[in-house]
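Student: Contents of my_file.pdb (PDB, C-alpha atoms and all ligand atoms) are given next:
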ATOM      1  CA  MET J   1     -94.788  38.955  56.992
ATOM      2  CA  HIS J   2     -98.167  37.740  58.225
ATOM      3  CA  GLU J   3     -99.226  41.220  59.339
ATOM      4  CA  MET J   4     -98.542  42.799  55.957
ATOM      5  CA  SER J   5    -101.173  40.748  54.097
ATOM      6  CA  ILE J   6    -103.707  41.255  56.886
ATOM      7  CA  THR J   7    -103.155  44.994  56.786
ATOM      8  CA  THR J   8    -103.379  45.042  52.989
ATOM      9  CA  ASN J   9    -106.827  43.457  53.208
ATOM     10  CA  LEU J  10    -107.846  45.849  55.945
ATOM     11  CA  VAL J  11    -106.775  48.924  53.984
ATOM     12  CA  GLU J  12    -108.670  47.662  50.916
ATOM     13  CA  LEU J  13    -111.766  47.260  53.044
ATOM     14  CA  LEU J  14    -111.389  50.768  54.446
ATOM     15  CA  ASN J  15    -110.979  52.213  50.976
ATOM     16  CA  GLU J  16    -114.223  50.540  49.943
ATOM     17  CA  HIS J  17    -115.957  52.215  52.880
ATOM     18  CA  LEU J  18    -114.532  55.559  51.842
ATOM     19  CA  GLN J  19    -115.586  55.359  48.211
ATOM     20  CA  GLY J  20    -119.070  56.647  48.931
ATOM     21  CA  CYS J  21    -117.864  59.719  50.785
ATOM     22  CA  PRO J  22    -115.288  61.771  48.922
ATOM     23  CA  GLY J  23    -113.200  64.108  51.043
ATOM     24  CA  ALA J  24    -113.741  62.028  54.137
ATOM     25  CA  ARG J  25    -110.857  60.926  56.327
ATOM     26  CA  VAL J  26    -110.628  57.940  58.611
ATOM     27  CA  THR J  27    -109.633  59.066  62.094
ATOM     28  CA  ARG J  28    -109.901  55.832  63.986
ATOM     29  CA  VAL J  29    -110.132  52.124  63.246
ATOM     30  CA  ASN J  30    -111.304  49.635  65.863
ATOM     31  CA  LEU J  31    -110.134  46.074  65.379
ATOM     32  CA  LYS J  32    -110.747  42.882  67.270
ATOM     33  CA  VAL J  33    -107.885  40.445  67.021
ATOM     34  CA  GLY J  34    -107.922  36.968  68.535
ATOM     35  CA  LYS J  35    -104.716  35.810  70.143
ATOM     36  CA  LEU J  36    -104.798  32.651  68.036
ATOM     37  CA  THR J  37    -104.073  34.705  64.944
ATOM     38  CA  ALA J  38    -100.604  35.323  66.399
ATOM     39  CA  VAL J  39    -100.756  38.875  65.136
ATOM     40  CA  GLU J  40     -98.315  41.274  66.742
ATOM     41  CA  PRO J  41    -100.193  44.516  67.456
ATOM     42  CA  ASP J  42     -96.995  46.534  67.063
ATOM     43  CA  ALA J  43     -96.233  44.967  63.699
ATOM     44  CA  LEU J  44     -99.810  45.514  62.602
ATOM     45  CA  SER J  45     -99.669  49.196  63.550
ATOM     46  CA  PHE J  46     -96.409  49.570  61.690
ATOM     47  CA  CYS J  47     -97.768  47.981  58.497
ATOM     48  CA  PHE J  48    -100.874  50.111  58.819
ATOM     49  CA  GLN J  49     -98.775  53.264  58.983
ATOM     50  CA  VAL J  50     -96.751  52.269  55.942
ATOM     51  CA  LEU J  51     -99.712  51.187  53.811
ATOM     52  CA  THR J  52    -101.908  54.193  54.553
ATOM     53  CA  GLU J  53     -99.272  56.802  53.805
ATOM     54  CA  GLY J  54    -100.629  59.338  51.339
ATOM     55  CA  THR J  55    -104.185  57.984  51.552
ATOM     56  CA  PRO J  56    -107.245  59.431  53.346
ATOM     57  CA  ILE J  57    -106.563  56.862  56.042
ATOM     58  CA  GLU J  58    -103.137  58.252  56.883
ATOM     59  CA  GLY J  59    -102.822  59.257  60.518
ATOM     60  CA  ALA J  60    -105.823  57.237  61.661
ATOM     61  CA  GLU J  61    -105.531  55.712  65.090
ATOM     62  CA  LEU J  62    -105.507  51.931  64.990
ATOM     63  CA  LYS J  63    -107.105  50.502  68.101
ATOM     64  CA  ILE J  64    -106.551  46.797  68.576
ATOM     65  CA  GLU J  65    -108.547  44.824  71.097
ATOM     66  CA  LEU J  66    -106.914  41.489  71.815
ATOM     67  CA  VAL J  67    -109.382  38.660  72.340
ATOM     68  CA  PRO J  68    -108.324  35.827  74.636
ATOM     69  CA  VAL J  69    -108.515  32.278  73.330
ATOM     70  CA  ARG J  70    -111.429  30.262  74.686
ATOM     71  CA  ALA J  71    -112.172  26.622  74.102
ATOM     72  CA  ARG J  72    -114.738  24.004  75.017
ATOM     73  CA  CYS J  73    -113.823  20.510  76.062
ATOM     74  CA  LEU J  74    -115.624  17.948  73.945
ATOM     75  CA  GLN J  75    -115.386  15.428  76.754
ATOM     76  CA  CYS J  76    -116.842  17.289  79.748
ATOM     77  CA  GLN J  77    -118.279  20.347  77.926
ATOM     78  CA  SER J  78    -116.556  22.868  80.189
ATOM     79  CA  CYS J  79    -115.427  26.182  78.717
ATOM     80  CA  PHE J  80    -112.185  27.805  79.703
ATOM     81  CA  GLU J  81    -109.543  30.272  78.617
ATOM     82  CA  VAL J  82    -106.557  28.802  76.834
ATOM     83  CA  LYS J  83    -103.375  30.344  78.146
ATOM     84  CA  GLU J  84     -99.973  30.198  76.475
ATOM     85  CA  PHE J  85    -101.417  27.946  73.749
ATOM     86  CA  TYR J  86    -101.809  25.146  76.283
ATOM     87  CA  PHE J  87    -104.650  23.180  74.750
ATOM     88  CA  GLN J  88    -105.762  20.909  77.530
ATOM     89  CA  CYS J  89    -108.933  20.856  79.605
ATOM     90  CA  PRO J  90    -108.192  22.047  83.155
ATOM     91  CA  ARG J  91    -111.058  19.926  84.482
ATOM     92  CA  CYS J  92    -110.628  16.485  82.931
ATOM     93  CA  SER J  93    -107.285  16.923  81.117
ATOM     94  CA  GLY J  94    -109.055  16.162  77.844
ATOM     95  CA  LYS J  95    -107.281  17.255  74.718
ATOM     96  CA  GLU J  96    -110.185  17.232  72.301
ATOM     97  CA  LEU J  97    -111.170  20.852  72.277
ATOM     98  CA  GLU J  98    -113.242  23.115  70.152
ATOM     99  CA  THR J  99    -112.076  26.698  69.820
ATOM    100  CA  ILE J 100    -114.915  29.105  70.499
ATOM    101  CA  ALA J 101    -113.064  32.417  70.523
ATOM    102  CA  GLY J 102    -109.642  33.796  69.776
ATOM    103  CA  ASP J 103    -109.315  33.284  66.041
ATOM    104  CA  GLU J 104    -111.239  36.360  64.987
ATOM    105  CA  LEU J 105    -109.872  39.221  62.988
ATOM    106  CA  ASP J 106    -112.686  41.703  62.730
ATOM    107  CA  LEU J 107    -113.083  45.282  61.732
ATOM    108  CA  VAL J 108    -115.436  46.389  64.501
ATOM    109  CA  SER J 109    -115.979  50.000  63.518
ATOM    110  CA  LEU J 110    -114.315  53.020  62.072
ATOM    111  CA  GLU J 111    -114.646  56.698  62.715
ATOM    112  CA  ILE J 112    -114.801  58.978  59.726
ATOM    113  CA  GLU J 113    -114.380  62.698  59.646
ATOM    114  CA  GLU J 114    -116.220  64.444  56.854
ATOM    115  CA  ASP J 115    -114.156  67.236  55.440
ATOM    116  CA  GLU J 116    -116.545  70.049  54.656
ATOM    117  CA  LYS J 117    -113.981  72.761  54.218
ATOM    118  CA  ASP J 118    -112.165  73.222  50.988
ATOM    119  CA  LYS J 119    -108.527  72.405  51.248
ATOM    120  CA  GLY J 120    -106.286  74.126  48.764
TER     121      GLY J 120
HETATM  122 ZN    ZN R   1    -112.862  18.408  79.974
END
Can the structure in the file be given as structure tokens, please?
Tutor:
Amino acid sequence: MHEMSITTNLVELLNEHLQGCPGARVTRVNLKVGKLTAVEPDALSFCFQVLTEGTPIEGAELKIELVPVRARCLQCQSCFEVKEFYFQCPRCSGKELETIAGDELDLVSLEIEEDEKDKG
């Protein structure tokens, strides 16, 4: 599954962030996911839940912002949103396009809760 390897990388990245602050827990993870990545947010959340079980990231809220696909026509230079993976310029019907957004998969930010109390 596509989402499993993405989530594995994400969890590794989060663990790196956590290394400097022992006892801290991740409460929220903000992601930006382009629609071109064909990532299913539900599948991603599910993998996230499975992979973070028993780690300081367990229970964190995964917030996924879907980014629409945008492209620029190389013929007439107009920019437009690509819907339903229909890669054609709405202005001149050109098919030579450059993708300018929609293929990102970014960790935007994460919220960490420092645990100052001793837990038995
Ligand atoms: Zn065009």
Student: Check the smallest atom-to-atom distance from each of J:Cys92, J:Ile112, J:Ala101, J:Asp106 to ligand ZN 1 (chain R) using only C-alpha atoms and all ligand atoms, then report the winner.
Tutor: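 Once distances to ligand ZN 1 (chain R) are computed over only C-alpha atoms and all ligand atoms, the minimum belongs to J:Cys92.
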Student: What separation in Å, quoted to one decimal, exists between CA of Phe80 in chain J and CA of Leu105 in chain J?
Tutor: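 These two atoms are separated by 20.4 Å.
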Student: Run the PyMOL selection byres (((chain J and resi 17) around 12) and not hetatm) against the file shown and list the residues it catches, as a ChimeraX atom specification.
Tutor: /J:10-16,18-22,24-26,29,56-57,107,109-112
Student: Please provide the set of residues having any atom within 12 Å of Asp42 in chain J, restricted to all atoms listed in the file, with same-chain residues fewer than 5 positions apart removed, written as a list in words.
Tutor: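 The residues satisfying every condition are Glu3, Met4, Cys47, Phe48, Gln49, Leu62, Lys63 and Ile64 of chain J.
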Student: Would you please work out which residue, of J:Pro41, J:Gly94, J:Gly54, J:Gly102, is nearest to Val67 in chain J when using all atoms listed in the file?
Tutor: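 That would be J:Gly102, the residue with the smallest distance to Val67 in chain J.
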Student: Which one of J:Gln88, J:Ser78, J:Asn30, J:Ser45 sits closest to Thr8 in chain J if you count only C-alpha atoms?
Tutor: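 Of J:Gln88, J:Ser78, J:Asn30, J:Ser45, the one nearest Thr8 in chain J, counting only C-alpha atoms, is J:Ser45.
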Student: Restricting the calculation to all atoms listed in the file: of J:Glu96, J:Thr52, J:Val33, J:Phe46, which residue gets closest to Val69 in chain J?
Tutor: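 So, comparing all the options, the nearest one is J:Val33.
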Student: 12 Å from ligand ZN 1 (chain R) is the threshold here; counting all atoms listed in the file, which polymer residues fall inside it? Answer as a ChimeraX atom specification.
Tutor: /J:71-80,87-98
Student: One decimal, in Å: what's the spacing between CA of Arg28 in chain J and CA of Lys83 in chain J?
Tutor: 29.9 Å
Student: Counting only C-alpha atoms, which residue out of J:Gly59, J:Ser5, J:Leu36, J:Glu113 sits closest to Tyr86 in chain J?
Tutor: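 When distances to Tyr86 in chain J are compared using only C-alpha atoms, the smallest one comes from J:Leu36.
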Student: To one decimal place, how far is CA of Val82 in chain J from CA of Thr7 in chain J in Å?
Tutor: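 Result for CA of Val82 in chain J versus CA of Thr7 in chain J: 26.0 Å, one decimal.
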Student: Give me the residues near His2 in chain J as a ChimeraX atom specification, where near means some atom within 10 Å (using all atoms listed in the file) and where sequence neighbours in that chain fewer than 2 positions away do not count.
Tutor: /J:4-7,37-40,43-44
Student: Step by step, gather every atom of range 26-35 of chain J that the file lists, find the box along x, y and z that holds them, add 6 Å on each side, and finally give centre and edge lengths in Å to one decimal, as AutoDock Vina command-line options.
Tutor:
--center_x -108.0 --center_y 47.4 --center_z 64.4 --size_x 18.6 --size_y 35.3 --size_z 23.5
Student: With only C-alpha atoms as the basis for distance, which of J:Gly34, J:Glu61, J:Asp115, J:Thr55 is at the shortest distance from Asp103 in chain J?
Tutor: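 Checking each candidate against Asp103 in chain J, we get J:Gly34 as the closest.
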